[in-house]
Amino acid sequence: MSEKRLLLASKSPRRRELLTLLELPFEATVAHVAEVPRPNEPPDELVVRLSQAKARAAAACPDVVVIACDTVVALDGEILGKPRDASEATAMLHRLRGRSHVVYSAVTLLEPATERTLTDVAETRVTMRAYTDAEIAAYVASGDPFDKAGSYAIQHAGFHPVAEIEGCYANVVGFPLCHLTRCLRAWGIVPSTDVPAACQSHTGRRCRIHPSILRSAWQTHPT
C-alpha cells in the first residue's frame, strides 16, 4: 500500500498546502460534485456523503489512493454552506457574530482497484468574536468569503473572525490532518514527518488534542 500514488480530490489551495505538510508525494485533481444538502440531512452525515462522492468522482485511475474531504459549518444544527453572493455572505457573518457554531469535516480514502473506503469525521466548536458591521463589509468586499463554508476563513490575516475554538484548528481551515493521518496509517501509509508538529508550525497554533486523535481509532461511516 505504501507504493500507491496519492490523489487529492480537491481544487482548494488550502487543502493542497496542508497535505504537503505530510511530506507524502501526491497529485491533485478536481472532483465535480453538487454540494447540496438533502432535506433534513444532519451536517455530519452531509460531509460524509459529499466526501465519499468526491472520492468516487476522482477515482478514474485504479492504481491510486484517492483522498477527499468536505467541510460544512452548522449553526444551531442548520447547515451554512458557501455563500451565493455578497448579500448572503453578509447575512451569514451577521448570524455567526458573537456566537458559537460547529465545523464538521469528513476525510475519505478510496482505493478504486478494490473499492475499499475509509471515512473519518472531525468536529470543532468555534466561537466568533464581536466583529463590527464595517469589518464584515470590508471582508465581504475582499471576495474571500465566497468559496468558504459559513462565509469565513479562520486564518484570514485581515479579518481574524474567531475568538475561540474547541477542537482541531486545521479542521476549521478545511483539512483535519491528524484524522487524515490515522486513516492513512490504518492503510499502511505512514507520513515521514511529525504531522502534529508540522501542522502547529504551519498554522502557528498550539494543539493539545492531537495525542487523543492519533491514539484512537477512526470513526467508521457507511459508504
# chains A, B, ... in the order shown; residues from 1 in each chain; ligands from 1
$ residues_around --residues "segment 86-96 of chain A" --least-positions-apart "5" --cutoff "7 Å" --atoms "only C-alpha atoms" --output "ChimeraX atom specification"
/A:128,136,140,145,150-151
$ residues_around --residues "segment 185-194 of chain A" --least-positions-apart "3" --cutoff "12 Å" --atoms "only C-alpha atoms" --output "count of residues only"
43
$ residues_around --residues "Gly158 of chain A" --least-positions-apart "5" --cutoff "12 Å" --atoms "only C-alpha atoms" --output "ChimeraX atom specification"
/A:131,135-136,138-140,142,144,152-153
$ write_last_selection --atoms "C-alpha atoms" --output "CSV table (one decimal), in the first residue's frame"
chain,number,residue,atom,x,y,z
A,131,TYR,CA,-16.6,42.0,14.8
A,135,GLU,CA,-15.4,44.7,9.3
A,136,ILE,CA,-18.0,42.5,7.7
A,138,ALA,CA,-14.6,45.1,4.2
A,139,TYR,CA,-14.2,41.3,4.4
A,140,VAL,CA,-17.0,40.6,2.0
A,142,SER,CA,-12.3,41.4,-0.4
A,144,ASP,CA,-12.5,35.9,0.4
A,152,TYR,CA,-15.3,33.0,6.5
A,153,ALA,CA,-11.7,31.7,6.8
$ residues_around --residues "Cys61 of chain A" --least-positions-apart "5" --cutoff "10 Å" --atoms "only C-alpha atoms" --output "number ranges by chain"
A: 7, 66, 111-113
$ closest_residue --among "A:Ile154, A:Leu80, A:Val73, A:Ala59" --to "Ala122 of chain A" --atoms "only C-alpha atoms"
A:Val73
$ residues_around --residues "Pro39 of chain A" --least-positions-apart "5" --cutoff "12 Å" --atoms "only C-alpha atoms" --output "PyMOL selection string"
chain A and resi 45-46+78-79
$ write_last_selection --atoms "N, CA and C atoms" --output "PDB file, in the first residue's frame"
ATOM      1  N   GLU A  45     -23.628  13.906   8.575  1.00  0.00           N
ATOM      2  CA  GLU A  45     -23.937  12.954   7.508  1.00  0.00           C
ATOM      3  C   GLU A  45     -23.700  13.573   6.134  1.00  0.00           C
ATOM      4  N   LEU A  46     -23.948  14.875   6.026  1.00  0.00           N
ATOM      5  CA  LEU A  46     -23.703  15.560   4.753  1.00  0.00           C
ATOM      6  C   LEU A  46     -22.235  15.511   4.370  1.00  0.00           C
ATOM      7  N   GLU A  78     -28.287  24.070  11.774  1.00  0.00           N
ATOM      8  CA  GLU A  78     -28.558  24.484  10.391  1.00  0.00           C
ATOM      9  C   GLU A  78     -27.258  24.581   9.612  1.00  0.00           C
ATOM     10  N   ILE A  79     -27.226  23.968   8.448  1.00  0.00           N
ATOM     11  CA  ILE A  79     -26.024  23.959   7.625  1.00  0.00           C
ATOM     12  C   ILE A  79     -25.870  25.294   6.905  1.00  0.00           C
TER      13      ILE A  79
END
$ residues_around --residues "Gly98 of chain A" --least-positions-apart "6" --cutoff "12 Å" --atoms "only C-alpha atoms" --output "list in words"
Val126, Thr127, Met128, Arg129, Ala130, Tyr131, Thr132, Pro161, Val162, Ala163 and Glu164 of chain A
